[in-house]
>>> print(open('run_22.pdb').read())   # PDB, C-alpha atoms and all ligand atoms
ATOM      1  CA  MET A   1      28.294  35.945   3.056
ATOM      2  CA  LYS A   2      29.699  34.271   6.135
ATOM      3  CA  THR A   3      26.721  35.417   8.256
ATOM      4  CA  LEU A   4      24.328  34.133   5.623
ATOM      5  CA  SER A   5      25.872  30.688   5.457
ATOM      6  CA  ILE A   6      25.920  30.436   9.281
ATOM      7  CA  SER A   7      22.223  31.304   9.487
ATOM      8  CA  ALA A   8      21.546  28.803   6.698
ATOM      9  CA  ALA A   9      23.390  26.173   8.742
ATOM     10  CA  ILE A  10      21.374  27.111  11.841
ATOM     11  CA  ALA A  11      18.177  26.873   9.805
ATOM     12  CA  ALA A  12      19.209  23.440   8.578
ATOM     13  CA  VAL A  13      19.899  22.269  12.142
ATOM     14  CA  ALA A  14      16.578  23.740  13.326
ATOM     15  CA  LEU A  15      14.778  21.954  10.504
ATOM     16  CA  SER A  16      16.371  18.614  11.290
ATOM     17  CA  VAL A  17      15.459  19.057  14.993
ATOM     18  CA  LEU A  18      11.859  19.727  13.944
ATOM     19  CA  ASN A  19      11.897  16.607  11.788
ATOM     20  CA  VAL A  20      13.172  14.538  14.695
ATOM     21  CA  VAL A  21      10.388  15.920  16.918
ATOM     22  CA  ASN A  22       7.778  15.014  14.315
ATOM     23  CA  ALA A  23       9.211  11.575  13.612
ATOM     24  CA  ASP A  24       9.408  10.774  17.302
ATOM     25  CA  LEU A  25       6.170  11.679  19.065
ATOM     26  CA  SER A  26       6.513  11.439  22.822
ATOM     27  CA  LYS A  27       4.167   8.657  23.955
ATOM     28  CA  ILE A  28       1.306   9.618  26.261
ATOM     29  CA  VAL A  29       1.979   7.477  29.317
ATOM     30  CA  ARG A  30      -0.608   8.436  31.930
ATOM     31  CA  VAL A  31      -3.420  10.699  33.032
ATOM     32  CA  ASN A  32      -3.008  12.881  36.101
ATOM     33  CA  PRO A  33      -6.364  12.390  37.892
ATOM     34  CA  ALA A  34      -5.924  15.597  39.929
ATOM     35  CA  THR A  35      -5.399  17.883  36.930
ATOM     36  CA  GLN A  36      -7.098  15.603  34.333
ATOM     37  CA  HIS A  37      -4.044  16.262  32.147
ATOM     38  CA  PHE A  38      -2.563  13.779  29.713
ATOM     39  CA  ILE A  39       1.142  13.335  30.551
ATOM     40  CA  ASP A  40       3.773  12.343  27.978
ATOM     41  CA  ALA A  41       6.967  10.312  28.418
ATOM     42  CA  GLN A  42       8.895  13.504  29.246
ATOM     43  CA  GLY A  43       6.499  14.381  32.072
ATOM     44  CA  ARG A  44       4.812  17.186  30.156
ATOM     45  CA  SER A  45       1.079  17.956  30.258
ATOM     46  CA  ARG A  46      -0.135  17.767  26.665
ATOM     47  CA  PHE A  47      -3.055  19.642  25.194
ATOM     48  CA  PHE A  48      -4.951  18.448  22.167
ATOM     49  CA  HIS A  49      -6.804  20.105  19.353
ATOM     50  CA  GLY A  50      -8.413  17.580  17.104
ATOM     51  CA  THR A  51     -11.139  16.077  15.029
ATOM     52  CA  ASN A  52     -13.101  12.866  14.526
ATOM     53  CA  MET A  53     -12.360  10.617  11.571
ATOM     54  CA  VAL A  54     -15.041   7.949  11.347
ATOM     55  CA  LYS A  55     -16.296   6.125   8.263
ATOM     56  CA  LYS A  56     -19.654   4.727   9.293
ATOM     57  CA  SER A  57     -19.972   2.144   6.508
ATOM     58  CA  PHE A  58     -17.803  -0.373   4.610
ATOM     59  CA  PRO A  59     -14.771  -0.300   4.267
ATOM     60  CA  TRP A  60     -14.855   1.401   7.705
ATOM     61  CA  HIS A  61     -11.845   3.618   6.966
ATOM     62  CA  MET A  62     -11.229   6.812   4.990
ATOM     63  CA  ASP A  63      -9.988   6.700   1.396
ATOM     64  CA  VAL A  64      -6.209   6.311   1.586
ATOM     65  CA  ASN A  65      -5.579   6.762  -2.156
ATOM     66  CA  ASN A  66      -7.633   9.665  -3.486
ATOM     67  CA  PHE A  67      -8.437  13.071  -2.042
ATOM     68  CA  VAL A  68     -12.166  13.166  -1.223
ATOM     69  CA  PRO A  69     -13.123  16.267   0.800
ATOM     70  CA  SER A  70     -14.015  15.118   4.368
ATOM     71  CA  TRP A  71     -13.620  11.418   3.500
ATOM     72  CA  SER A  72      -9.938  10.792   2.776
ATOM     73  CA  VAL A  73      -6.612  10.712   4.544
ATOM     74  CA  VAL A  74      -3.987  11.490   1.904
ATOM     75  CA  ASP A  75      -1.124  14.039   1.970
ATOM     76  CA  ARG A  76      -3.432  16.894   1.086
ATOM     77  CA  ASP A  77      -5.698  16.093   4.057
ATOM     78  CA  ILE A  78      -2.649  16.036   6.337
ATOM     79  CA  GLU A  79      -1.554  19.460   5.063
ATOM     80  CA  LEU A  80      -5.061  20.834   5.673
ATOM     81  CA  MET A  81      -5.097  19.344   9.181
ATOM     82  CA  LYS A  82      -1.689  20.824   9.972
ATOM     83  CA  SER A  83      -2.849  24.227   8.719
ATOM     84  CA  LEU A  84      -5.624  23.982  11.338
ATOM     85  CA  ASN A  85      -3.071  23.036  14.047
ATOM     86  CA  ILE A  86      -4.756  19.675  14.552
ATOM     87  CA  ASN A  87      -2.573  17.436  16.728
ATOM     88  CA  ILE A  88      -4.978  14.579  17.430
ATOM     89  CA  VAL A  89      -7.514  12.472  15.537
ATOM     90  CA  ARG A  90     -10.162  10.267  17.139
ATOM     91  CA  LEU A  91     -10.060   7.456  14.607
ATOM     92  CA  GLY A  92     -12.852   4.911  14.165
ATOM     93  CA  VAL A  93     -11.373   1.383  14.046
ATOM     94  CA  HIS A  94     -14.680  -0.392  13.759
ATOM     95  CA  TRP A  95     -15.414  -3.849  15.100
ATOM     96  CA  ALA A  96     -17.265  -4.553  11.826
ATOM     97  CA  GLY A  97     -14.021  -3.788   9.951
ATOM     98  CA  VAL A  98     -11.713  -5.753  12.269
ATOM     99  CA  GLU A  99     -13.851  -8.921  12.519
ATOM    100  CA  PRO A 100     -16.174  -9.193   9.498
ATOM    101  CA  VAL A 101     -16.615 -12.932  10.143
ATOM    102  CA  ARG A 102     -16.797 -14.164  13.719
ATOM    103  CA  GLY A 103     -13.338 -15.248  14.858
ATOM    104  CA  GLN A 104     -11.672 -14.079  11.613
ATOM    105  CA  TYR A 105      -9.779 -10.813  11.941
ATOM    106  CA  ASN A 106      -9.126  -8.799   8.791
ATOM    107  CA  GLN A 107      -5.370  -8.157   8.813
ATOM    108  CA  THR A 108      -5.662  -5.984   5.691
ATOM    109  CA  TYR A 109      -8.029  -3.658   7.545
ATOM    110  CA  LEU A 110      -5.712  -3.583  10.569
ATOM    111  CA  ASP A 111      -2.761  -2.795   8.265
ATOM    112  CA  VAL A 112      -4.619   0.008   6.470
ATOM    113  CA  THR A 113      -5.678   1.607   9.764
ATOM    114  CA  GLN A 114      -2.170   1.166  11.149
ATOM    115  CA  GLY A 115      -0.877   2.957   8.027
ATOM    116  CA  ILE A 116      -3.235   5.857   8.771
ATOM    117  CA  ILE A 117      -2.009   6.061  12.376
ATOM    118  CA  LYS A 118       1.639   6.014  11.192
ATOM    119  CA  LYS A 119       0.910   8.772   8.709
ATOM    120  CA  PHE A 120      -0.501  10.908  11.519
ATOM    121  CA  GLN A 121       2.435  10.011  13.751
ATOM    122  CA  ASP A 122       4.964  11.033  11.103
ATOM    123  CA  ASN A 123       3.228  14.405  10.942
ATOM    124  CA  GLY A 124       3.089  15.108  14.679
ATOM    125  CA  ILE A 125      -0.559  14.034  15.063
ATOM    126  CA  TYR A 126      -1.671  11.654  17.835
ATOM    127  CA  THR A 127      -4.491   9.091  17.446
ATOM    128  CA  LEU A 128      -7.230   8.158  19.895
ATOM    129  CA  VAL A 129      -8.477   4.754  18.687
ATOM    130  CA  ASP A 130     -12.287   4.630  18.875
ATOM    131  CA  GLN A 131     -14.684   1.679  18.773
ATOM    132  CA  HIS A 132     -17.208   3.748  16.943
ATOM    133  CA  GLN A 133     -20.845   2.706  17.042
ATOM    134  CA  ASP A 134     -24.212   4.390  16.801
ATOM    135  CA  VAL A 135     -27.216   2.181  17.667
ATOM    136  CA  TRP A 136     -24.894  -0.815  17.503
ATOM    137  CA  ALA A 137     -25.628  -2.725  14.260
ATOM    138  CA  ALA A 138     -27.197  -2.675  10.797
ATOM    139  CA  GLN A 139     -30.141  -4.803  11.982
ATOM    140  CA  LEU A 140     -30.942  -1.989  14.432
ATOM    141  CA  CYS A 141     -30.599   0.799  11.830
ATOM    142  CA  GLY A 142     -27.168   1.489  13.326
ATOM    143  CA  HIS A 143     -23.551   0.592  12.630
ATOM    144  CA  GLY A 144     -20.325  -0.414  14.342
ATOM    145  CA  ALA A 145     -20.782  -4.025  15.458
ATOM    146  CA  PRO A 146     -20.332  -6.715  12.798
ATOM    147  CA  LEU A 147     -23.317  -8.139  10.926
ATOM    148  CA  TRP A 148     -22.951 -11.497  12.719
ATOM    149  CA  PHE A 149     -23.604  -9.991  16.149
ATOM    150  CA  VAL A 150     -27.424  -9.571  16.077
ATOM    151  CA  LYS A 151     -29.639 -12.616  15.401
ATOM    152  CA  SER A 152     -33.135 -11.995  14.074
ATOM    153  CA  ASP A 153     -34.765 -14.531  16.411
ATOM    154  CA  TRP A 154     -33.582 -12.683  19.538
ATOM    155  CA  VAL A 155     -36.876 -10.811  19.701
ATOM    156  CA  THR A 156     -40.350 -11.865  18.508
ATOM    157  CA  PRO A 157     -41.364 -10.422  15.095
ATOM    158  CA  GLY A 158     -43.708  -7.928  16.782
ATOM    159  CA  HIS A 159     -40.812  -6.519  18.844
ATOM    160  CA  ARG A 160     -38.363  -5.980  15.964
ATOM    161  CA  MET A 161     -37.013  -2.571  14.930
ATOM    162  CA  PRO A 162     -38.251   0.022  15.535
ATOM    163  CA  TYR A 163     -40.905  -1.201  17.992
ATOM    164  CA  PRO A 164     -42.307   0.610  20.002
ATOM    165  CA  GLN A 165     -41.186   3.718  18.094
ATOM    166  CA  LYS A 166     -43.117   2.420  15.043
ATOM    167  CA  ALA A 167     -44.427  -0.924  13.727
ATOM    168  CA  PRO A 168     -41.631  -3.351  12.700
ATOM    169  CA  PHE A 169     -39.887  -2.716   9.358
ATOM    170  CA  ALA A 170     -39.515  -5.327   6.608
ATOM    171  CA  VAL A 171     -35.991  -6.811   6.608
ATOM    172  CA  ASP A 172     -33.615  -8.509   4.166
ATOM    173  CA  ALA A 173     -32.028 -11.978   4.539
ATOM    174  CA  ASN A 174     -29.545 -10.566   7.109
ATOM    175  CA  GLY A 175     -32.373  -9.055   9.144
ATOM    176  CA  VAL A 176     -31.431  -5.535   7.998
ATOM    177  CA  PRO A 177     -34.180  -2.941   7.294
ATOM    178  CA  SER A 178     -33.901  -0.648   4.240
ATOM    179  CA  ASP A 179     -32.094   2.699   4.438
ATOM    180  CA  ALA A 180     -35.356   4.450   3.529
ATOM    181  CA  ASP A 181     -37.144   2.880   6.512
ATOM    182  CA  CYS A 182     -34.212   3.536   8.853
ATOM    183  CA  ASN A 183     -34.036   7.151   7.718
ATOM    184  CA  SER A 184     -37.720   7.584   8.604
ATOM    185  CA  ILE A 185     -37.006   7.364  12.372
ATOM    186  CA  ASP A 186     -35.007   9.552  14.743
ATOM    187  CA  TRP A 187     -31.804   7.546  15.275
ATOM    188  CA  SER A 188     -31.174   8.874  18.781
ATOM    189  CA  VAL A 189     -34.689   7.980  19.998
ATOM    190  CA  SER A 190     -34.205   4.461  18.618
ATOM    191  CA  TYR A 191     -31.847   3.662  21.529
ATOM    192  CA  LEU A 192     -35.114   3.205  23.480
ATOM    193  CA  ASP A 193     -36.374   0.570  21.027
ATOM    194  CA  TYR A 194     -36.970  -2.961  22.252
ATOM    195  CA  ALA A 195     -34.459  -4.725  19.957
ATOM    196  CA  VAL A 196     -31.667  -2.220  20.703
ATOM    197  CA  GLY A 197     -31.912  -2.783  24.456
ATOM    198  CA  ASN A 198     -32.065  -6.522  23.838
ATOM    199  CA  ALA A 199     -28.818  -6.527  21.806
ATOM    200  CA  PHE A 200     -26.883  -4.367  24.302
ATOM    201  CA  GLY A 201     -28.197  -6.605  27.101
ATOM    202  CA  ARG A 202     -26.691  -9.638  25.396
ATOM    203  CA  LEU A 203     -23.337  -7.853  25.044
ATOM    204  CA  TYR A 204     -23.210  -7.015  28.770
ATOM    205  CA  ASN A 205     -24.593 -10.422  29.855
ATOM    206  CA  ASN A 206     -21.973 -12.148  27.677
ATOM    207  CA  TYR A 207     -24.706 -14.100  25.869
ATOM    208  CA  ASP A 208     -23.022 -16.607  23.495
ATOM    209  CA  ASN A 209     -19.659 -15.130  24.638
ATOM    210  CA  LEU A 210     -20.415 -11.878  22.783
ATOM    211  CA  GLY A 211     -18.896  -9.745  25.556
ATOM    212  CA  ASP A 212     -15.748 -11.859  25.372
ATOM    213  CA  ALA A 213     -15.729 -11.430  21.577
ATOM    214  CA  TRP A 214     -15.747  -7.621  22.059
ATOM    215  CA  VAL A 215     -12.843  -7.961  24.511
ATOM    216  CA  ALA A 216     -10.964 -10.176  22.018
ATOM    217  CA  TYR A 217     -11.466  -7.562  19.279
ATOM    218  CA  TRP A 218      -9.861  -4.939  21.530
ATOM    219  CA  LYS A 219      -6.961  -7.262  22.295
ATOM    220  CA  VAL A 220      -6.333  -7.748  18.568
ATOM    221  CA  VAL A 221      -6.472  -3.981  17.934
ATOM    222  CA  ALA A 222      -4.144  -3.150  20.830
ATOM    223  CA  THR A 223      -1.694  -5.914  19.903
ATOM    224  CA  ASN A 224      -1.440  -4.402  16.428
ATOM    225  CA  TYR A 225      -1.009  -0.806  17.615
ATOM    226  CA  ASN A 226       0.686  -0.879  21.029
ATOM    227  CA  ALA A 227       4.183  -0.202  19.692
ATOM    228  CA  LEU A 228       3.085   3.029  17.996
ATOM    229  CA  PRO A 229       3.936   6.131  20.056
ATOM    230  CA  GLY A 230       1.273   8.007  18.087
ATOM    231  CA  VAL A 231      -1.528   6.020  19.763
ATOM    232  CA  MET A 232      -2.428   8.174  22.778
ATOM    233  CA  GLY A 233      -5.310   6.031  23.989
ATOM    234  CA  TYR A 234      -8.221   3.709  23.333
ATOM    235  CA  ASP A 235     -11.828   4.881  23.513
ATOM    236  CA  LEU A 236     -13.403   1.516  24.321
ATOM    237  CA  MET A 237     -16.891   2.420  23.055
ATOM    238  CA  ASN A 238     -18.512   5.493  21.605
ATOM    239  CA  GLU A 239     -21.750   6.443  23.375
ATOM    240  CA  PRO A 240     -22.556   3.060  24.963
ATOM    241  CA  TRP A 241     -26.218   2.239  25.674
ATOM    242  CA  VAL A 242     -27.300   1.097  29.163
ATOM    243  CA  GLY A 243     -28.254  -2.504  28.319
ATOM    244  CA  ASP A 244     -31.697  -4.132  28.196
ATOM    245  CA  HIS A 245     -33.816  -1.290  29.548
ATOM    246  CA  MET A 246     -37.042  -3.114  28.551
ATOM    247  CA  ALA A 247     -36.188  -6.091  30.796
ATOM    248  CA  ASP A 248     -34.860  -3.820  33.555
ATOM    249  CA  PRO A 249     -35.984  -0.175  33.411
ATOM    250  CA  THR A 250     -33.924   0.683  36.523
ATOM    251  CA  LEU A 251     -30.940   0.745  34.101
ATOM    252  CA  LEU A 252     -32.279   4.110  32.941
ATOM    253  CA  THR A 253     -31.623   5.597  36.402
ATOM    254  CA  PRO A 254     -28.373   7.602  36.243
ATOM    255  CA  GLY A 255     -25.396   5.598  37.525
ATOM    256  CA  VAL A 256     -27.075   2.164  37.616
ATOM    257  CA  ALA A 257     -25.945   0.915  34.183
ATOM    258  CA  ASP A 258     -22.466   2.378  34.747
ATOM    259  CA  SER A 259     -21.726   0.134  37.717
ATOM    260  CA  ARG A 260     -23.868  -2.886  36.779
ATOM    261  CA  ASN A 261     -23.191  -3.207  33.044
ATOM    262  CA  LEU A 262     -20.443  -0.913  31.755
ATOM    263  CA  GLU A 263     -17.821  -1.170  34.477
ATOM    264  CA  PRO A 264     -17.421  -4.991  34.411
ATOM    265  CA  LEU A 265     -17.061  -5.051  30.613
ATOM    266  CA  TRP A 266     -14.788  -1.971  30.545
ATOM    267  CA  ASN A 267     -12.541  -3.611  33.138
ATOM    268  CA  LYS A 268     -12.184  -6.640  30.850
ATOM    269  CA  GLY A 269     -11.444  -4.393  27.865
ATOM    270  CA  ASN A 270      -8.933  -2.414  29.929
ATOM    271  CA  ASN A 271      -7.120  -5.614  30.912
ATOM    272  CA  ALA A 272      -7.110  -6.849  27.315
ATOM    273  CA  ILE A 273      -5.430  -3.759  25.881
ATOM    274  CA  ARG A 274      -2.750  -3.806  28.605
ATOM    275  CA  GLN A 275      -1.742  -7.477  28.208
TER
HETATM  276  C1  LIG A 301     -10.652  -6.463   4.673
HETATM  277  O1  LIG A 301     -10.213  -5.115   4.632
HETATM  278  C2  LIG A 301      -9.918  -4.627   3.323
HETATM  279  C3  LIG A 301      -9.396  -3.196   3.514
HETATM  280  O2  LIG A 301     -10.380  -2.344   3.963
HETATM  281  C4  LIG A 301     -11.140  -4.721   2.432
HETATM  282  O3  LIG A 301     -10.808  -4.302   1.140
HETATM  283  C5  LIG A 301     -11.677  -6.141   2.430
HETATM  284  O4  LIG A 301     -12.871  -6.201   1.649
HETATM  285  C6  LIG A 301     -11.933  -6.602   3.845
HETATM  286  N1  LIG A 301     -12.390  -7.992   3.847
HETATM  287  C7  LIG A 301     -13.560  -8.364   4.386
HETATM  288  C8  LIG A 301     -13.869  -9.818   4.339
HETATM  289  O5  LIG A 301     -14.353  -7.574   4.892
END
>>> encode(input="run_22.pdb", output="structure tokens", more="lines below")
Ligand SMILES: *[C@@H]1O[C@H](CO)[C@@H](O)[C@H](O)[C@H]1NC(C)=O
Amino acid sequence: MKTLSISAAIAAVALSVLNVVNADLSKIVRVNPATQHFIDAQGRSRFFHGTNMVKKSFPWHMDVNNFVPSWSVVDRDIELMKSLNINIVRLGVHWAGVEPVRGQYNQTYLDVTQGIIKKFQDNGIYTLVDQHQDVWAAQLCGHGAPLWFVKSDWVTPGHRMPYPQKAPFAVDANGVPSDADCNSIDWSVSYLDYAVGNAFGRLYNNYDNLGDAWVAYWKVVATNYNALPGVMGYDLMNEPWVGDHMADPTLLTPGVADSRNLEPLWNKGNNAIRQ
């Protein structure tokens, strides 16, 4: 009897230690460039096994109320993730969700996504915050940037999506082609389209302060999340395009866009999240 109760006490202590570990994720504080390891606050190299969680349309986050296989983040999803030993999620916190109207940040969206990150954190799962985008915006048959980013008069009607991949599509009042038309082209090839290069060029050239607006979005996101030990990093942009390759085809040469276009903007984003 005595032995049993002692082992029960030990089990209880072990359980409470485990709970403390889960409730108190050790923040990832740096990367060791020599080993490429992520180092936590206790100086340990940490290894990750994870998944993407990206909702590529409104409301730009997974369902937080109901279990929907592959599309929710409720207790049952967490249990499934833990059963797969997942300890990190790359979470889409989309610019379109954060700033649906230029200059107006959606605090509800930031609170919902923060709730998701906390839920992961409480269950021993880190988050890599991701500005997810694919082909930038709805006007370009893509998603990620807000609707207000791309203006339809930026390119002449003959150069609109998906020229030169195909003749221009009909568009709605927001300049957005239909899903049926967008689904008729290869999305990855459409990065080479005239209007896509034009829009990325304006981001990198800070046309109408659009580069600064992207930086400001990151500052808002980081200000909301910085205190959370579960946030292990910020992925400033998923699969960035080179810029306006139609105006300057040398951007397609490996390395050119990295130093000319990406690095200056990434440096601004990096400064913003560290302020
Ligand atoms: C703000 O975010 C919430 C939560 O996703 C959403 O329900 C609401 O429609 C959003 N508001 C706008 C203007 O996009």
>>> axis_aligned_box(input="run_22.pdb", around="ligand LIG 301 (chain A)", padding_each_side="4 Å", output="AutoDock Vina command-line options")
--center_x -11.9 --center_y -6.1 --center_z 3.0 --size_x 13.0 --size_y 15.5 --size_z 11.8
>>> residues_near_ligand(input="run_22.pdb", ligand="ligand LIG 301 (chain A)", cutoff="7 Å", atoms="all atoms listed in the file", output="PyMOL selection string")
chain A and resi 59-61+97+100+106-109+112
>>> residues_around(input="run_22.pdb", residues="Tyr191 in chain A", least_positions_apart="3", cutoff="10 Å", atoms="only C-alpha atoms", output="NGL selection string")
:A and (134-136 or 140 or 142 or 162 or 165 or 186-188 or 194-197 or 200 or 240-243 or 245)
>>> write_last_selection(input="run_22.pdb", atoms="C-alpha atoms", output="mmCIF file, in the frame of the given file")
data_model
loop_
_atom_site.group_PDB
_atom_site.id
_atom_site.type_symbol
_atom_site.label_atom_id
_atom_site.label_comp_id
_atom_site.auth_asym_id
_atom_site.auth_seq_id
_atom_site.Cartn_x
_atom_site.Cartn_y
_atom_site.Cartn_z
ATOM 1 C CA ASP A 134 -24.212 4.390 16.801
ATOM 2 C CA VAL A 135 -27.216 2.181 17.667
ATOM 3 C CA TRP A 136 -24.894 -0.815 17.503
ATOM 4 C CA LEU A 140 -30.942 -1.989 14.432
ATOM 5 C CA GLY A 142 -27.168 1.489 13.326
ATOM 6 C CA PRO A 162 -38.251 0.022 15.535
ATOM 7 C CA GLN A 165 -41.186 3.718 18.094
ATOM 8 C CA ASP A 186 -35.007 9.552 14.743
ATOM 9 C CA TRP A 187 -31.804 7.546 15.275
ATOM 10 C CA SER A 188 -31.174 8.874 18.781
ATOM 11 C CA TYR A 194 -36.970 -2.961 22.252
ATOM 12 C CA ALA A 195 -34.459 -4.725 19.957
ATOM 13 C CA VAL A 196 -31.667 -2.220 20.703
ATOM 14 C CA GLY A 197 -31.912 -2.783 24.456
ATOM 15 C CA PHE A 200 -26.883 -4.367 24.302
ATOM 16 C CA PRO A 240 -22.556 3.060 24.963
ATOM 17 C CA TRP A 241 -26.218 2.239 25.674
ATOM 18 C CA VAL A 242 -27.300 1.097 29.163
ATOM 19 C CA GLY A 243 -28.254 -2.504 28.319
ATOM 20 C CA HIS A 245 -33.816 -1.290 29.548
#
>>> residues_around(input="run_22.pdb", residues="Ile273 in chain A", least_positions_apart="5", cutoff="10 Å", atoms="all atoms listed in the file", output="PDB file with C-alpha atoms, keeping the file's coordinate frame")
ATOM      1  CA  VAL A 215     -12.843  -7.961  24.511  1.00  0.00           C
ATOM      2  CA  ALA A 216     -10.964 -10.176  22.018  1.00  0.00           C
ATOM      3  CA  TYR A 217     -11.466  -7.562  19.279  1.00  0.00           C
ATOM      4  CA  TRP A 218      -9.861  -4.939  21.530  1.00  0.00           C
ATOM      5  CA  LYS A 219      -6.961  -7.262  22.295  1.00  0.00           C
ATOM      6  CA  VAL A 220      -6.333  -7.748  18.568  1.00  0.00           C
ATOM      7  CA  VAL A 221      -6.472  -3.981  17.934  1.00  0.00           C
ATOM      8  CA  ALA A 222      -4.144  -3.150  20.830  1.00  0.00           C
ATOM      9  CA  THR A 223      -1.694  -5.914  19.903  1.00  0.00           C
ATOM     10  CA  TYR A 225      -1.009  -0.806  17.615  1.00  0.00           C
ATOM     11  CA  ASN A 226       0.686  -0.879  21.029  1.00  0.00           C
ATOM     12  CA  GLY A 233      -5.310   6.031  23.989  1.00  0.00           C
ATOM     13  CA  TYR A 234      -8.221   3.709  23.333  1.00  0.00           C
ATOM     14  CA  LEU A 236     -13.403   1.516  24.321  1.00  0.00           C
ATOM     15  CA  LYS A 268     -12.184  -6.640  30.850  1.00  0.00           C
TER      16      LYS A 268
END
>>> residues_around(input="run_22.pdb", residues="Asp130 in chain A", least_positions_apart="5", cutoff="7 Å", atoms="all atoms listed in the file", output="ChimeraX atom specification")
/A:90-93,234-238
>>> closest_residue(input="run_22.pdb", among="A:Asn270, A:Gln104, A:Asn224, A:Asn183", to="Ile117 in chain A", atoms="only C-alpha atoms")
A:Asn224
>>> atom_distance(input="run_22.pdb", atom1="CA of His159 in chain A", atom2="CA of Thr253 in chain A")
23.2 Å
>>> closest_residue(input="run_22.pdb", among="A:Met81, A:Met232, A:Ala272, A:Met246", to="Ile28 in chain A", atoms="only C-alpha atoms")
A:Met232
>>> atom_distance(input="run_22.pdb", atom1="CA of Leu84 in chain A", atom2="CA of His49 in chain A")
9.0 Å
>>> closest_residue(input="run_22.pdb", among="A:Val31, A:Gly103, A:Gln42, A:Asp75", to="Leu210 in chain A", atoms="all atoms listed in the file")
A:Gly103
>>> residues_near_point(input="run_22.pdb", point="(-9.7, 19.2, 12.4)", cutoff="6 Å", atoms="all atoms listed in the file", output="list in words")
Gly50, Thr51, Met81 and Ile86 of chain A
>>> atom_distance(input="run_22.pdb", atom1="CA of Glu263 in chain A", atom2="CA of Phe38 in chain A")
21.9 Å
>>> closest_residue(input="run_22.pdb", among="A:Gly124, A:Gln139, A:Phe149, A:Gln114", to="Glu99 in chain A", atoms="all atoms listed in the file")
A:Phe149
